[in-house]
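With mmCIF, N, CA and C atoms inside, this is protein.cif:
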```cif
data_target
#
loop_
_atom_site.label_atom_id
_atom_site.label_comp_id
_atom_site.auth_asym_id
_atom_site.auth_seq_id
_atom_site.Cartn_x
_atom_site.Cartn_y
_atom_site.Cartn_z
N MET A 1 -15.26 2.93 -9.09
CA MET A 1 -14.21 2.02 -9.49
C MET A 1 -13.85 1.13 -8.30
N ARG A 2 -13.54 -0.09 -8.59
CA ARG A 2 -13.21 -1.08 -7.57
C ARG A 2 -11.69 -1.31 -7.51
N ILE A 3 -11.24 -1.86 -6.40
CA ILE A 3 -9.82 -2.15 -6.21
C ILE A 3 -9.34 -3.16 -7.25
N ALA A 4 -10.20 -4.07 -7.66
CA ALA A 4 -9.84 -5.03 -8.72
C ALA A 4 -9.43 -4.29 -9.99
N ASP A 5 -10.09 -3.17 -10.30
CA ASP A 5 -9.73 -2.37 -11.48
C ASP A 5 -8.36 -1.73 -11.32
N VAL A 6 -8.07 -1.26 -10.12
CA VAL A 6 -6.75 -0.67 -9.84
C VAL A 6 -5.67 -1.73 -10.03
N LEU A 7 -5.90 -2.92 -9.49
CA LEU A 7 -4.91 -4.00 -9.61
C LEU A 7 -4.75 -4.43 -11.06
N ARG A 8 -5.83 -4.41 -11.82
CA ARG A 8 -5.75 -4.78 -13.23
C ARG A 8 -4.84 -3.81 -13.98
N ASN A 9 -4.91 -2.52 -13.61
CA ASN A 9 -4.09 -1.50 -14.26
C ASN A 9 -2.63 -1.53 -13.80
N LYS A 10 -2.40 -1.75 -12.52
CA LYS A 10 -1.04 -1.69 -12.00
C LYS A 10 -0.35 -3.04 -11.93
N GLY A 11 -1.14 -4.10 -11.91
CA GLY A 11 -0.59 -5.44 -11.80
C GLY A 11 -0.64 -5.94 -10.36
N PRO A 12 -0.59 -7.25 -10.20
CA PRO A 12 -0.76 -7.83 -8.87
C PRO A 12 0.54 -8.03 -8.08
N ALA A 13 1.66 -7.64 -8.65
CA ALA A 13 2.95 -7.91 -8.01
C ALA A 13 3.04 -7.25 -6.62
N VAL A 14 3.46 -8.05 -5.65
CA VAL A 14 3.67 -7.56 -4.30
C VAL A 14 5.01 -8.09 -3.82
N VAL A 15 5.85 -7.20 -3.34
CA VAL A 15 7.13 -7.62 -2.79
C VAL A 15 6.89 -7.97 -1.32
N THR A 16 7.32 -9.15 -0.93
CA THR A 16 7.16 -9.58 0.45
C THR A 16 8.53 -9.84 1.06
N VAL A 17 8.56 -9.80 2.38
CA VAL A 17 9.79 -10.09 3.11
C VAL A 17 9.47 -11.02 4.27
N ASP A 18 10.51 -11.70 4.72
CA ASP A 18 10.42 -12.61 5.85
C ASP A 18 10.59 -11.83 7.14
N PRO A 19 9.86 -12.17 8.20
CA PRO A 19 10.00 -11.43 9.45
C PRO A 19 11.38 -11.53 10.08
N GLU A 20 12.16 -12.53 9.70
CA GLU A 20 13.50 -12.70 10.27
C GLU A 20 14.58 -11.94 9.49
N MET A 21 14.20 -11.30 8.39
CA MET A 21 15.16 -10.55 7.59
C MET A 21 15.75 -9.40 8.42
N PRO A 22 17.05 -9.16 8.30
CA PRO A 22 17.64 -8.01 9.00
C PRO A 22 17.10 -6.69 8.44
N VAL A 23 16.96 -5.71 9.30
CA VAL A 23 16.47 -4.40 8.88
C VAL A 23 17.39 -3.81 7.82
N SER A 24 18.68 -4.02 7.93
CA SER A 24 19.61 -3.49 6.93
C SER A 24 19.31 -4.06 5.55
N THR A 25 18.93 -5.31 5.47
CA THR A 25 18.56 -5.93 4.19
C THR A 25 17.21 -5.39 3.72
N LEU A 26 16.30 -5.19 4.64
CA LEU A 26 14.99 -4.62 4.32
C LEU A 26 15.14 -3.28 3.62
N ILE A 27 16.02 -2.44 4.13
CA ILE A 27 16.23 -1.11 3.54
C ILE A 27 16.68 -1.26 2.09
N GLY A 28 17.55 -2.21 1.84
CA GLY A 28 17.99 -2.47 0.47
C GLY A 28 16.84 -2.91 -0.42
N GLU A 29 15.94 -3.72 0.11
CA GLU A 29 14.78 -4.19 -0.67
C GLU A 29 13.82 -3.04 -0.98
N LEU A 30 13.60 -2.17 -0.02
CA LEU A 30 12.75 -1.00 -0.27
C LEU A 30 13.34 -0.17 -1.40
N ALA A 31 14.64 0.06 -1.37
CA ALA A 31 15.30 0.86 -2.40
C ALA A 31 15.30 0.13 -3.74
N ARG A 32 15.63 -1.14 -3.72
CA ARG A 32 15.73 -1.92 -4.98
C ARG A 32 14.40 -1.96 -5.72
N HIS A 33 13.31 -2.07 -4.99
CA HIS A 33 11.99 -2.15 -5.62
C HIS A 33 11.30 -0.80 -5.72
N ASN A 34 11.96 0.25 -5.19
CA ASN A 34 11.44 1.62 -5.24
C ASN A 34 10.01 1.69 -4.69
N VAL A 35 9.83 1.12 -3.50
CA VAL A 35 8.52 1.12 -2.84
C VAL A 35 8.67 1.67 -1.43
N GLY A 36 7.55 2.08 -0.85
CA GLY A 36 7.56 2.63 0.49
C GLY A 36 7.15 1.66 1.57
N ALA A 37 6.68 0.47 1.15
CA ALA A 37 6.24 -0.53 2.13
C ALA A 37 6.40 -1.93 1.55
N LEU A 38 6.66 -2.87 2.44
CA LEU A 38 6.73 -4.27 2.06
C LEU A 38 5.84 -5.07 3.00
N VAL A 39 5.16 -6.04 2.43
CA VAL A 39 4.30 -6.91 3.22
C VAL A 39 5.18 -8.01 3.81
N VAL A 40 4.97 -8.27 5.09
CA VAL A 40 5.73 -9.30 5.79
C VAL A 40 4.88 -10.57 5.81
N THR A 41 5.44 -11.65 5.26
CA THR A 41 4.70 -12.91 5.20
C THR A 41 5.50 -14.03 5.84
N GLU A 42 4.74 -14.99 6.36
CA GLU A 42 5.33 -16.19 6.94
C GLU A 42 4.42 -17.35 6.55
N ASN A 43 4.98 -18.35 5.86
CA ASN A 43 4.17 -19.47 5.37
C ASN A 43 2.99 -18.98 4.54
N ASP A 44 3.24 -18.02 3.66
CA ASP A 44 2.24 -17.43 2.76
C ASP A 44 1.13 -16.66 3.46
N ALA A 45 1.25 -16.42 4.75
CA ALA A 45 0.26 -15.63 5.49
C ALA A 45 0.82 -14.25 5.79
N VAL A 46 0.00 -13.24 5.67
CA VAL A 46 0.41 -11.87 6.01
C VAL A 46 0.48 -11.76 7.53
N VAL A 47 1.67 -11.41 8.03
CA VAL A 47 1.86 -11.27 9.48
C VAL A 47 2.21 -9.84 9.87
N GLY A 48 2.42 -8.98 8.87
CA GLY A 48 2.74 -7.60 9.17
C GLY A 48 3.00 -6.81 7.91
N ILE A 49 3.29 -5.54 8.13
CA ILE A 49 3.70 -4.65 7.05
C ILE A 49 4.79 -3.75 7.63
N VAL A 50 5.77 -3.41 6.82
CA VAL A 50 6.86 -2.56 7.28
C VAL A 50 7.08 -1.47 6.24
N THR A 51 7.19 -0.24 6.73
CA THR A 51 7.30 0.91 5.85
C THR A 51 8.60 1.67 6.11
N GLU A 52 8.91 2.55 5.18
CA GLU A 52 10.07 3.43 5.38
C GLU A 52 9.89 4.22 6.67
N ARG A 53 8.67 4.63 6.95
CA ARG A 53 8.38 5.39 8.15
C ARG A 53 8.70 4.58 9.41
N ASP A 54 8.39 3.26 9.38
CA ASP A 54 8.73 2.39 10.53
C ASP A 54 10.23 2.40 10.77
N VAL A 55 10.99 2.30 9.69
CA VAL A 55 12.45 2.27 9.81
C VAL A 55 12.97 3.58 10.40
N VAL A 56 12.52 4.69 9.86
CA VAL A 56 12.99 5.99 10.33
C VAL A 56 12.64 6.21 11.80
N ARG A 57 11.43 5.88 12.17
CA ARG A 57 11.01 6.08 13.57
C ARG A 57 11.83 5.21 14.52
N ARG A 58 12.11 3.97 14.13
CA ARG A 58 12.89 3.09 15.00
C ARG A 58 14.34 3.53 15.10
N ILE A 59 14.90 4.08 14.02
CA ILE A 59 16.25 4.63 14.09
C ILE A 59 16.26 5.80 15.07
N HIS A 60 15.24 6.64 15.00
CA HIS A 60 15.15 7.78 15.92
C HIS A 60 15.04 7.30 17.37
N GLU A 61 14.22 6.28 17.61
CA GLU A 61 13.99 5.78 18.97
C GLU A 61 15.19 5.01 19.52
N ARG A 62 15.78 4.16 18.70
CA ARG A 62 16.78 3.20 19.19
C ARG A 62 18.19 3.43 18.66
N GLY A 63 18.33 4.31 17.71
CA GLY A 63 19.64 4.57 17.14
C GLY A 63 19.99 3.60 16.02
N PRO A 64 21.18 3.75 15.47
CA PRO A 64 21.57 2.96 14.30
C PRO A 64 21.69 1.46 14.55
N ASP A 65 21.74 1.04 15.81
CA ASP A 65 21.82 -0.40 16.09
C ASP A 65 20.58 -1.14 15.61
N ILE A 66 19.49 -0.41 15.35
CA ILE A 66 18.27 -1.05 14.86
C ILE A 66 18.51 -1.72 13.51
N LEU A 67 19.52 -1.27 12.79
CA LEU A 67 19.83 -1.88 11.49
C LEU A 67 20.22 -3.35 11.63
N ASN A 68 20.65 -3.75 12.81
CA ASN A 68 21.01 -5.14 13.07
C ASN A 68 19.82 -5.97 13.57
N ALA A 69 18.70 -5.30 13.84
CA ALA A 69 17.50 -6.00 14.32
C ALA A 69 16.83 -6.72 13.16
N ARG A 70 15.76 -7.42 13.46
CA ARG A 70 15.00 -8.14 12.45
C ARG A 70 13.74 -7.35 12.09
N VAL A 71 13.19 -7.64 10.94
CA VAL A 71 11.96 -6.98 10.50
C VAL A 71 10.86 -7.14 11.55
N VAL A 72 10.75 -8.32 12.14
CA VAL A 72 9.72 -8.58 13.15
C VAL A 72 9.81 -7.59 14.32
N ASP A 73 10.98 -7.04 14.55
CA ASP A 73 11.17 -6.10 15.66
C ASP A 73 10.63 -4.70 15.37
N ILE A 74 10.39 -4.38 14.10
CA ILE A 74 9.95 -3.03 13.76
C ILE A 74 8.65 -2.99 12.97
N MET A 75 8.16 -4.13 12.51
CA MET A 75 6.98 -4.14 11.63
C MET A 75 5.70 -3.83 12.40
N THR A 76 4.69 -3.40 11.66
CA THR A 76 3.36 -3.20 12.20
C THR A 76 2.62 -4.52 12.05
N THR A 77 2.08 -5.01 13.16
CA THR A 77 1.40 -6.31 13.12
C THR A 77 -0.11 -6.19 12.96
N SER A 78 -0.66 -5.03 13.24
CA SER A 78 -2.08 -4.80 13.05
C SER A 78 -2.28 -4.26 11.64
N VAL A 79 -2.45 -5.18 10.69
CA VAL A 79 -2.48 -4.81 9.28
C VAL A 79 -3.92 -4.65 8.80
N PHE A 80 -4.24 -3.48 8.30
CA PHE A 80 -5.52 -3.26 7.67
C PHE A 80 -5.41 -3.76 6.24
N THR A 81 -6.42 -4.47 5.78
CA THR A 81 -6.42 -5.02 4.43
C THR A 81 -7.70 -4.61 3.72
N CYS A 82 -7.76 -4.93 2.44
CA CYS A 82 -8.97 -4.66 1.68
C CYS A 82 -9.23 -5.83 0.74
N LEU A 83 -10.37 -5.76 0.08
CA LEU A 83 -10.79 -6.78 -0.88
C LEU A 83 -10.81 -6.17 -2.28
N PRO A 84 -10.68 -6.98 -3.31
CA PRO A 84 -10.79 -6.46 -4.68
C PRO A 84 -12.15 -5.83 -4.96
N THR A 85 -13.17 -6.23 -4.22
CA THR A 85 -14.51 -5.69 -4.43
C THR A 85 -14.74 -4.35 -3.74
N ASP A 86 -13.82 -3.93 -2.88
CA ASP A 86 -13.95 -2.63 -2.23
C ASP A 86 -13.82 -1.52 -3.28
N THR A 87 -14.45 -0.40 -3.01
CA THR A 87 -14.36 0.73 -3.93
C THR A 87 -13.14 1.60 -3.62
N VAL A 88 -12.68 2.29 -4.61
CA VAL A 88 -11.57 3.22 -4.43
C VAL A 88 -11.97 4.31 -3.45
N ASP A 89 -13.21 4.78 -3.54
CA ASP A 89 -13.67 5.83 -2.63
C ASP A 89 -13.65 5.36 -1.17
N SER A 90 -14.11 4.13 -0.92
CA SER A 90 -14.11 3.63 0.46
C SER A 90 -12.68 3.45 0.97
N LEU A 91 -11.80 3.03 0.08
CA LEU A 91 -10.39 2.86 0.47
C LEU A 91 -9.75 4.21 0.77
N ALA A 92 -10.07 5.21 -0.02
CA ALA A 92 -9.53 6.55 0.22
C ALA A 92 -9.98 7.06 1.58
N GLU A 93 -11.21 6.78 1.93
CA GLU A 93 -11.73 7.20 3.23
C GLU A 93 -11.01 6.46 4.37
N THR A 94 -10.84 5.16 4.22
CA THR A 94 -10.13 4.37 5.23
C THR A 94 -8.70 4.85 5.40
N MET A 95 -8.02 5.06 4.28
CA MET A 95 -6.63 5.49 4.33
C MET A 95 -6.50 6.86 4.99
N THR A 96 -7.42 7.74 4.72
CA THR A 96 -7.38 9.08 5.30
C THR A 96 -7.67 9.03 6.79
N GLU A 97 -8.73 8.33 7.16
CA GLU A 97 -9.12 8.27 8.57
C GLU A 97 -8.06 7.58 9.43
N ARG A 98 -7.48 6.52 8.93
CA ARG A 98 -6.53 5.73 9.71
C ARG A 98 -5.07 6.11 9.46
N ARG A 99 -4.86 7.08 8.56
CA ARG A 99 -3.51 7.54 8.22
C ARG A 99 -2.63 6.38 7.75
N ILE A 100 -3.19 5.60 6.83
CA ILE A 100 -2.51 4.44 6.26
C ILE A 100 -2.20 4.74 4.80
N ARG A 101 -1.01 4.38 4.36
CA ARG A 101 -0.62 4.66 2.98
C ARG A 101 -0.58 3.42 2.09
N HIS A 102 -0.64 2.24 2.70
CA HIS A 102 -0.56 0.99 1.94
C HIS A 102 -1.51 -0.04 2.53
N LEU A 103 -2.28 -0.69 1.66
CA LEU A 103 -3.20 -1.73 2.12
C LEU A 103 -3.02 -2.99 1.27
N PRO A 104 -2.66 -4.09 1.90
CA PRO A 104 -2.62 -5.36 1.17
C PRO A 104 -4.04 -5.75 0.75
N VAL A 105 -4.14 -6.38 -0.41
CA VAL A 105 -5.42 -6.85 -0.92
C VAL A 105 -5.44 -8.37 -0.70
N ILE A 106 -6.46 -8.83 0.00
CA ILE A 106 -6.54 -10.24 0.40
C ILE A 106 -7.81 -10.88 -0.18
N VAL A 107 -7.67 -12.10 -0.68
CA VAL A 107 -8.80 -12.91 -1.13
C VAL A 107 -8.64 -14.29 -0.53
N ASP A 108 -9.64 -14.72 0.23
CA ASP A 108 -9.61 -16.05 0.86
C ASP A 108 -8.31 -16.30 1.62
N GLY A 109 -7.86 -15.28 2.33
CA GLY A 109 -6.65 -15.41 3.14
C GLY A 109 -5.35 -15.32 2.36
N GLN A 110 -5.42 -15.12 1.04
CA GLN A 110 -4.23 -15.04 0.20
C GLN A 110 -3.97 -13.61 -0.26
N LEU A 111 -2.71 -13.21 -0.22
CA LEU A 111 -2.29 -11.90 -0.69
C LEU A 111 -2.35 -11.87 -2.21
N VAL A 112 -3.14 -10.94 -2.77
CA VAL A 112 -3.28 -10.87 -4.23
C VAL A 112 -2.82 -9.53 -4.80
N GLY A 113 -2.42 -8.60 -3.94
CA GLY A 113 -1.96 -7.31 -4.42
C GLY A 113 -1.77 -6.35 -3.26
N ILE A 114 -1.37 -5.15 -3.60
CA ILE A 114 -1.24 -4.08 -2.61
C ILE A 114 -1.63 -2.78 -3.29
N VAL A 115 -2.31 -1.92 -2.54
CA VAL A 115 -2.75 -0.64 -3.07
C VAL A 115 -2.16 0.46 -2.19
N SER A 116 -1.58 1.45 -2.85
CA SER A 116 -0.99 2.58 -2.12
C SER A 116 -1.88 3.80 -2.27
N ILE A 117 -1.63 4.80 -1.46
CA ILE A 117 -2.37 6.04 -1.57
C ILE A 117 -2.14 6.67 -2.94
N GLY A 118 -0.96 6.46 -3.50
CA GLY A 118 -0.68 6.95 -4.85
C GLY A 118 -1.56 6.29 -5.89
N ASP A 119 -1.81 4.99 -5.73
CA ASP A 119 -2.71 4.28 -6.65
C ASP A 119 -4.12 4.84 -6.56
N VAL A 120 -4.56 5.14 -5.34
CA VAL A 120 -5.90 5.69 -5.12
C VAL A 120 -6.02 7.07 -5.77
N VAL A 121 -5.02 7.91 -5.57
CA VAL A 121 -5.04 9.26 -6.15
C VAL A 121 -5.02 9.17 -7.68
N LYS A 122 -4.18 8.31 -8.22
CA LYS A 122 -4.11 8.15 -9.68
C LYS A 122 -5.46 7.71 -10.24
N SER A 123 -6.10 6.80 -9.55
CA SER A 123 -7.41 6.31 -9.98
C SER A 123 -8.44 7.44 -9.98
N ARG A 124 -8.46 8.21 -8.90
CA ARG A 124 -9.42 9.31 -8.81
C ARG A 124 -9.15 10.38 -9.88
N ILE A 125 -7.89 10.67 -10.15
CA ILE A 125 -7.56 11.64 -11.20
C ILE A 125 -8.07 11.13 -12.55
N GLY A 126 -7.88 9.84 -12.80
CA GLY A 126 -8.38 9.24 -14.04
C GLY A 126 -9.88 9.35 -14.17
N GLU A 127 -10.58 9.08 -13.07
CA GLU A 127 -12.05 9.20 -13.08
C GLU A 127 -12.49 10.63 -13.35
N LEU A 128 -11.83 11.58 -12.70
CA LEU A 128 -12.18 12.99 -12.90
C LEU A 128 -11.89 13.44 -14.33
N GLN A 129 -10.80 12.96 -14.91
CA GLN A 129 -10.47 13.32 -16.29
C GLN A 129 -11.53 12.77 -17.24
N THR A 130 -11.97 11.54 -17.00
CA THR A 130 -13.02 10.93 -17.83
C THR A 130 -14.30 11.74 -17.74
N GLU A 131 -14.69 12.12 -16.51
CA GLU A 131 -15.89 12.93 -16.34
C GLU A 131 -15.77 14.27 -17.06
N ARG A 132 -14.60 14.87 -16.95
CA ARG A 132 -14.36 16.16 -17.61
C ARG A 132 -14.49 16.01 -19.12
N ASP A 133 -13.86 14.96 -19.66
CA ASP A 133 -13.93 14.71 -21.11
C ASP A 133 -15.38 14.51 -21.56
N GLN A 134 -16.16 13.78 -20.78
CA GLN A 134 -17.56 13.54 -21.13
C GLN A 134 -18.36 14.83 -21.09
N LEU A 135 -18.12 15.66 -20.09
CA LEU A 135 -18.81 16.95 -20.01
C LEU A 135 -18.45 17.86 -21.17
N GLU A 136 -17.17 17.90 -21.53
CA GLU A 136 -16.73 18.72 -22.67
C GLU A 136 -17.37 18.23 -23.95
N SER A 137 -17.43 16.93 -24.12
CA SER A 137 -18.05 16.36 -25.32
C SER A 137 -19.53 16.71 -25.38
N TYR A 138 -20.20 16.63 -24.24
CA TYR A 138 -21.61 16.96 -24.17
C TYR A 138 -21.84 18.43 -24.52
N ILE A 139 -20.99 19.30 -23.99
CA ILE A 139 -21.13 20.74 -24.26
C ILE A 139 -20.85 21.02 -25.72
N ASP A 140 -19.80 20.40 -26.27
CA ASP A 140 -19.42 20.65 -27.67
C ASP A 140 -20.45 20.12 -28.66
N HIS A 141 -21.07 18.98 -28.31
CA HIS A 141 -21.97 18.33 -29.27
C HIS A 141 -23.45 18.42 -28.88
N GLY A 142 -23.68 19.14 -27.79
CA GLY A 142 -25.05 19.39 -27.36
C GLY A 142 -25.77 18.18 -27.03
#
```
Kindly transcribe the structure held in the file into structure tokens.
Amino acid sequence: MRIADVLRNKGPAVVTVDPEMPVSTLIGELARHNVGALVVTENDAVVGIVTERDVVRRIHERGPDILNARVVDIMTTSVFTCLPTDTVDSLAETMTERRIRHLPVIVDGQLVGIVSIGDVVKSRIGELQTERDQLESYIDHG
């Protein structure tokens, strides 16, 4: 299965934030959209990604004053991305090896979606269920 198939099932919607947004507002956006990561864009270009984990770690390091900082002060700027043509299996391997939970999907420099580790797991469970159903059918019908 390809990432394009995952996006077709979940939809291409991606919540983005501006790097100048206050961290306190970012937290509200994470909660409002019920997501664990937001892509940071500037002039339609991906410049970073910020996760709940980034927020928690910065609060631990710098204290509650970090809530007054900007997203650019806490975001990850080395963003790993993927293509719609990548396979779910290759993405699962990348996410596991690099300990990444969210990957923006990019086509010709444009953000077209985001895939989470949950999306990858859901996809693999679906594939395994299909294989199981096919095997059961084969056994039942010889």
Q: Check chain A with DSSP on the backbone and list each residue it calls helix (DSSP H, G or I), as a VMD selection string.
A: chain A and resid 3 to 10 23 to 33 52 to 62 64 to 68 71 to 73 88 to 98 117 to 141
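Here atom N of Leu83 (chain A) and atom N of Val115 (chain A) stand 9.3 Å from one another.
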(Q) Need to verify the contact set: Leu103 (chain A), 7 Å, all atoms listed in the file, exclusion of same-chain residues closer than 3 positions in sequence. Can you return it as number ranges by chain? (A) A: 80-82, 100, 106, 113-117
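Distances here use only N, CA and C atoms; by that measure, the residue among A:Thr94, A:Pro104, A:Ile59, A:Leu135 closest to Val79 (chain A) is A:Pro104.
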**Q.** Among listed residues A:Asn68, A:Ser78, A:Asn34, A:Thr16, nearest Leu111 (chain A) (using only C-alpha atoms)
**A.** A:Thr16
Q) as number ranges by chain, which residues of region 30-129 of chain A does DSSP assign to strand (DSSP E)? A) A: 37-42, 45-51, 102-107, 110-116
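Residues captured in this structure file are Arg2, Ile3, Ala4, Cys82, Leu83, Pro84, Asp86 and Thr87 of chain A, according to the PyMOL selection byres ((chain A and resi 85) around 6.5).
Those residues returned by the PyMOL selection byres ((chain A and resi 40-45) around 6) for this file are A:Thr16, A:Val17, A:Asp18, A:Pro19, A:Leu38, A:Val39, A:Val46, A:Val47, A:Gly48, A:Ile49, A:Val50.
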